[in-house]
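Trainee: Pasting my_file.txt here (compact mmCIF, C-alpha atoms):
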```
# COMPACT_ATOMS: atom_id res chain seq x y z
CA MET A 18 -17.66 -20.30 44.09
CA ARG A 19 -13.91 -19.70 44.02
CA LEU A 20 -11.83 -22.17 42.06
CA PHE A 21 -8.36 -23.15 43.21
CA LYS A 22 -8.60 -21.41 46.59
CA PRO A 23 -6.42 -21.67 48.50
CA MET A 24 -3.84 -22.32 45.80
CA THR A 25 -0.58 -23.77 46.98
CA ASP A 26 2.87 -22.49 46.04
CA GLU A 27 3.43 -25.66 44.02
CA GLN A 28 0.27 -25.02 42.01
CA LEU A 29 1.32 -21.41 41.39
CA ALA A 30 4.76 -22.52 40.21
CA ARG A 31 3.24 -25.20 37.95
CA ASN A 32 0.78 -22.68 36.49
CA ASP A 33 3.65 -20.24 35.87
CA ARG A 34 5.64 -22.93 34.04
CA VAL A 35 2.65 -23.89 31.88
CA LEU A 36 1.97 -20.24 31.07
CA ALA A 37 5.65 -19.71 30.18
CA VAL A 38 5.60 -22.72 27.82
CA VAL A 39 2.36 -21.58 26.18
CA LEU A 40 3.68 -18.02 25.77
CA THR A 41 6.98 -19.23 24.34
CA ILE A 42 5.34 -21.51 21.78
CA GLY A 43 2.66 -18.94 20.95
CA GLY A 44 5.23 -16.14 20.69
CA ILE A 45 7.41 -18.16 18.33
CA PHE A 46 4.40 -19.01 16.18
CA LEU A 47 3.19 -15.39 16.15
CA ALA A 48 6.65 -14.02 15.30
CA TRP A 49 7.09 -16.59 12.52
CA ASP A 50 3.61 -15.84 11.14
CA PHE A 51 4.31 -12.10 11.25
CA PHE A 52 7.66 -12.60 9.47
CA ARG A 53 6.10 -14.82 6.77
CA SER A 54 3.26 -12.36 6.19
CA ALA A 55 5.73 -9.48 5.80
CA GLN A 56 7.95 -11.59 3.55
CA GLN A 57 5.03 -12.41 1.26
CA GLY A 58 3.12 -9.12 1.50
CA THR A 59 5.91 -6.59 1.08
CA PRO A 60 7.07 -7.65 -2.42
CA ALA A 61 3.48 -7.93 -3.66
CA LEU A 62 2.11 -4.71 -2.12
CA GLY A 63 5.19 -2.63 -1.43
CA LEU A 64 6.18 -1.52 2.05
CA VAL A 65 3.55 1.23 2.35
CA GLY A 66 0.85 -1.04 0.91
CA TYR A 67 1.70 -3.79 3.37
CA LEU A 68 1.92 -1.46 6.39
CA SER A 69 -1.44 0.12 5.55
CA GLY A 70 -3.15 -3.15 4.69
CA PRO A 71 -5.47 -5.35 6.70
CA ILE A 72 -3.00 -8.19 7.22
CA PHE A 73 -0.48 -5.95 8.98
CA ALA A 74 -3.26 -4.31 11.02
CA HIS A 75 -4.59 -7.67 12.14
CA LYS A 76 -1.09 -8.94 13.05
CA VAL A 77 -0.44 -5.84 15.15
CA SER A 78 -3.86 -6.17 16.79
CA GLU A 79 -3.00 -9.78 17.71
CA ILE A 80 0.22 -8.64 19.35
CA LEU A 81 -1.55 -5.84 21.21
CA LEU A 82 -4.20 -8.29 22.38
CA LEU A 83 -1.50 -10.52 23.84
CA ILE A 84 0.23 -7.55 25.48
CA MET A 85 -3.08 -6.63 27.10
CA TRP A 86 -4.22 -10.06 28.28
CA ILE A 87 -0.94 -11.68 29.39
CA PRO A 88 -0.45 -9.59 32.56
CA VAL A 89 -4.11 -10.06 33.49
CA VAL A 90 -3.98 -13.84 33.06
CA TRP A 91 -0.66 -14.11 34.88
CA ALA A 92 -1.70 -11.93 37.83
CA SER A 93 -5.12 -13.62 37.99
CA ASN A 94 -3.32 -16.88 38.69
CA TYR A 95 -1.90 -15.25 41.83
CA GLU A 96 -5.10 -13.38 42.71
CA MET A 97 -6.87 -16.72 43.00
CA SER A 98 -4.36 -17.63 45.69
CA GLY A 99 -4.86 -14.35 47.54
CA THR A 100 -1.38 -13.00 46.73
CA TYR A 101 0.34 -11.01 44.03
CA PRO A 102 3.53 -11.99 42.18
CA LYS A 103 6.76 -10.45 43.47
CA LEU A 104 7.37 -8.93 40.04
CA MET A 105 3.88 -7.40 39.98
CA PRO A 106 2.90 -5.92 43.35
CA PRO A 107 -0.60 -4.38 43.47
CA GLU A 108 0.62 -0.80 42.88
CA ARG A 109 2.53 -1.79 39.76
CA TYR A 110 -0.33 -3.97 38.56
CA LEU A 111 -2.75 -1.05 38.94
CA ARG A 112 -0.48 1.25 36.93
CA ARG A 113 -0.01 -1.38 34.23
CA LEU A 114 -3.75 -2.04 33.95
CA ARG A 115 -4.46 1.68 33.60
CA ARG A 116 -1.92 1.94 30.77
CA LEU A 117 -3.29 -1.16 29.08
CA LEU A 118 -6.77 0.34 29.14
CA PHE A 119 -5.44 3.06 26.82
CA LEU A 120 -4.07 0.37 24.51
CA ALA A 121 -7.42 -1.46 24.22
CA PRO A 122 -9.09 1.07 21.88
CA VAL A 123 -6.05 1.01 19.58
CA GLN A 124 -6.26 -2.79 19.38
CA MET A 125 -10.00 -2.71 18.69
CA ILE A 126 -9.60 -0.03 16.00
CA LEU A 127 -6.88 -2.02 14.22
CA ALA A 128 -8.92 -5.23 14.40
CA THR A 129 -12.04 -3.43 13.15
CA TYR A 130 -10.05 -1.82 10.34
CA ALA A 131 -8.73 -5.24 9.30
CA TRP A 132 -12.20 -6.81 9.56
CA THR A 133 -13.74 -4.05 7.44
CA ILE A 134 -11.20 -4.25 4.63
CA VAL A 135 -11.05 -8.04 4.63
CA ASN A 136 -14.83 -8.28 4.43
CA LEU A 137 -15.68 -5.29 2.26
CA GLY A 138 -12.50 -4.57 0.31
CA THR A 139 -11.54 -1.12 -0.94
CA SER A 140 -12.39 0.96 -3.94
CA PRO A 141 -10.64 0.34 -7.26
CA LEU A 142 -9.82 4.07 -7.18
CA THR A 143 -7.67 3.62 -4.06
CA THR A 144 -5.89 0.39 -3.13
CA ASP A 145 -8.34 -1.96 -4.88
CA TYR A 146 -8.13 -4.56 -2.14
CA GLN A 147 -10.30 -7.56 -2.98
CA PRO A 148 -12.16 -8.99 0.03
CA LEU A 149 -10.62 -12.17 1.44
CA VAL A 150 -14.06 -13.50 2.34
CA PHE A 151 -14.66 -14.36 -1.30
CA ARG A 152 -11.66 -16.65 -1.41
CA GLU A 153 -11.50 -20.28 -0.34
CA ASP A 154 -11.95 -20.53 3.45
CA GLY A 155 -12.79 -16.83 3.51
CA TRP A 156 -15.38 -17.33 6.24
CA VAL A 157 -12.51 -17.92 8.69
CA TRP A 158 -11.39 -14.29 8.31
CA ARG A 159 -14.84 -12.96 9.12
CA TYR A 160 -15.10 -14.85 12.39
CA TYR A 161 -11.46 -14.76 13.43
CA LEU A 162 -11.15 -11.00 13.09
CA GLY A 163 -14.52 -10.62 14.79
CA ALA A 164 -13.17 -12.67 17.68
CA LEU A 165 -10.16 -10.32 17.92
CA ILE A 166 -12.51 -7.35 18.19
CA ILE A 167 -14.60 -9.08 20.86
CA ALA A 168 -11.51 -10.15 22.85
CA GLY A 169 -10.30 -6.54 22.86
CA ALA A 170 -13.71 -5.30 23.91
CA ALA A 171 -13.93 -7.95 26.66
CA PHE A 172 -10.63 -6.74 28.08
CA VAL A 173 -12.09 -3.35 28.99
CA PRO A 174 -14.68 -4.49 31.59
CA VAL A 175 -12.33 -7.13 33.01
CA ALA A 176 -9.49 -4.63 33.42
CA MET A 177 -11.84 -1.92 34.74
CA HIS A 178 -13.15 -4.31 37.38
CA LYS A 179 -9.59 -5.13 38.43
CA VAL A 180 -8.60 -1.44 38.45
CA MET A 181 -11.54 -0.51 40.67
CA LYS A 182 -10.87 -3.45 42.99
CA LEU A 183 -7.16 -2.62 43.28
CA ALA A 184 -7.84 1.09 43.76
CA ARG A 185 -10.24 0.34 46.64
CA GLN A 186 -7.78 -2.13 48.11
CA LEU A 187 -4.85 0.32 48.00
CA LEU A 188 -6.74 3.26 49.51
```
Reformat the file's structure so that it appears as structure tokens.

Mentor:
Amino acid sequence: MRLFKPMTDEQLARNDRVLAVVLTIGGIFLAWDFFRSAQQGTPALGLVGYLSGPIFAHKVSEILLLIMWIPVVWASNYEMSGTYPKLMPPERYLRRLRRLLFLAPVQMILATYAWTIVNLGTSPLTTDYQPLVFREDGWVWRYYLGALIIAGAAFVPVAMHKVMKLARQLL
């Protein structure tokens, strides 16, 4: 069963506006959260400590996850209508998806790194990072970072399916 087929131009425009609002609000929140985390983490850990820590890794993995999923969600809106956006013709979409597939492992590695340190901590002989899961509401970190890993892993089959479909279509 295909939802929203055939989608009208008005529906496409409305969906684009809603996506733009969601991305604007989410982007502002993400940028503010990233800024606040850097503002609090850098004085406490130092620049190198913050950049090599799990909080920075998880923030970067969130940004990479958005970079990966946004084009797919946006183009999927048009795919459901049987067209492609003017800014993303099929050839460009195929190239972008192929590049994003190289970004997916980086995102998953950063999210896994953050999950590991947040849940297990580090040795007192190195950075002596105490696991966040032992703090109040620590269970949120375990599941949230796990969800980031799963979302990155889910991108791979979705993007691969779209790449294969587009490659067949363009041949």

Trainee: Between A:Ala170, A:Met97, A:Leu114, A:Val39, which is the closest to A:Met24 once you count only C-alpha atoms?

Mentor: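 Looking at the shortest contact to A:Met24, the residue is A:Met97.
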
Trainee: Would you mind listing what lies within 12 Å of A:Ala131 as a PyMOL selection string, with only C-alpha atoms counted and same-chain residues fewer than 3 positions away left out?

Mentor: chain A and resi 68-79+124-128+134-139+146+148-149+158-163+165-166

Trainee: From the set A:Phe151, A:Trp91, A:Thr129, A:Lys179, which residue has the shortest atom-to-atom contact distance to A:Ala30, counting only C-alpha atoms?

Mentor: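 Selected residue with least distance to A:Ala30: A:Trp91.
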
Trainee: Using only C-alpha atoms, pick whichever of A:Leu62, A:Leu188, A:Leu117, A:Ala48 has the shortest atom-to-atom distance to A:Pro88.

Mentor: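 Closest residue, counting only C-alpha atoms: A:Leu117.
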
Trainee: What is the distance between atom CA of A:Val180 and atom CA of A:Val38, in Å to one decimal?

Mentor: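 Distance reported for this atom pair: 27.7 Å.
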
Trainee: Would you please work out which residue, of A:Ala176, A:Glu96, A:Trp132, A:Tyr101, is nearest to A:Val157 when using all atoms listed in the file?

Mentor: A:Trp132

Trainee: Which of these residues is nearest to A:Arg116, using all atoms listed in the file: A:Leu36, A:Met177, A:Arg185, A:Leu64?

Mentor: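 With all atoms listed in the file as the atom set, the closest residue is A:Met177.
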
Trainee: From the set A:Asp50, A:Val89, A:Tyr95, A:Gln56, which residue has the shortest atom-to-atom contact distance to A:Thr25, counting all atoms listed in the file?

Mentor: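 For A:Thr25, the nearest of the given residues is A:Tyr95.
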
Trainee: Quick one: distance from atom CA of A:His178 to atom CA of A:Leu111 in Å, one decimal?

Mentor: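 That distance, rounded to one decimal, is 11.0 Å.
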
Trainee: Rounded to one decimal place, report the atom CA of A:Tyr110-atom CA of A:Gly43 distance in Å.

Mentor: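 Calculated distance between atom CA of A:Tyr110 and atom CA of A:Gly43 is 23.3 Å.
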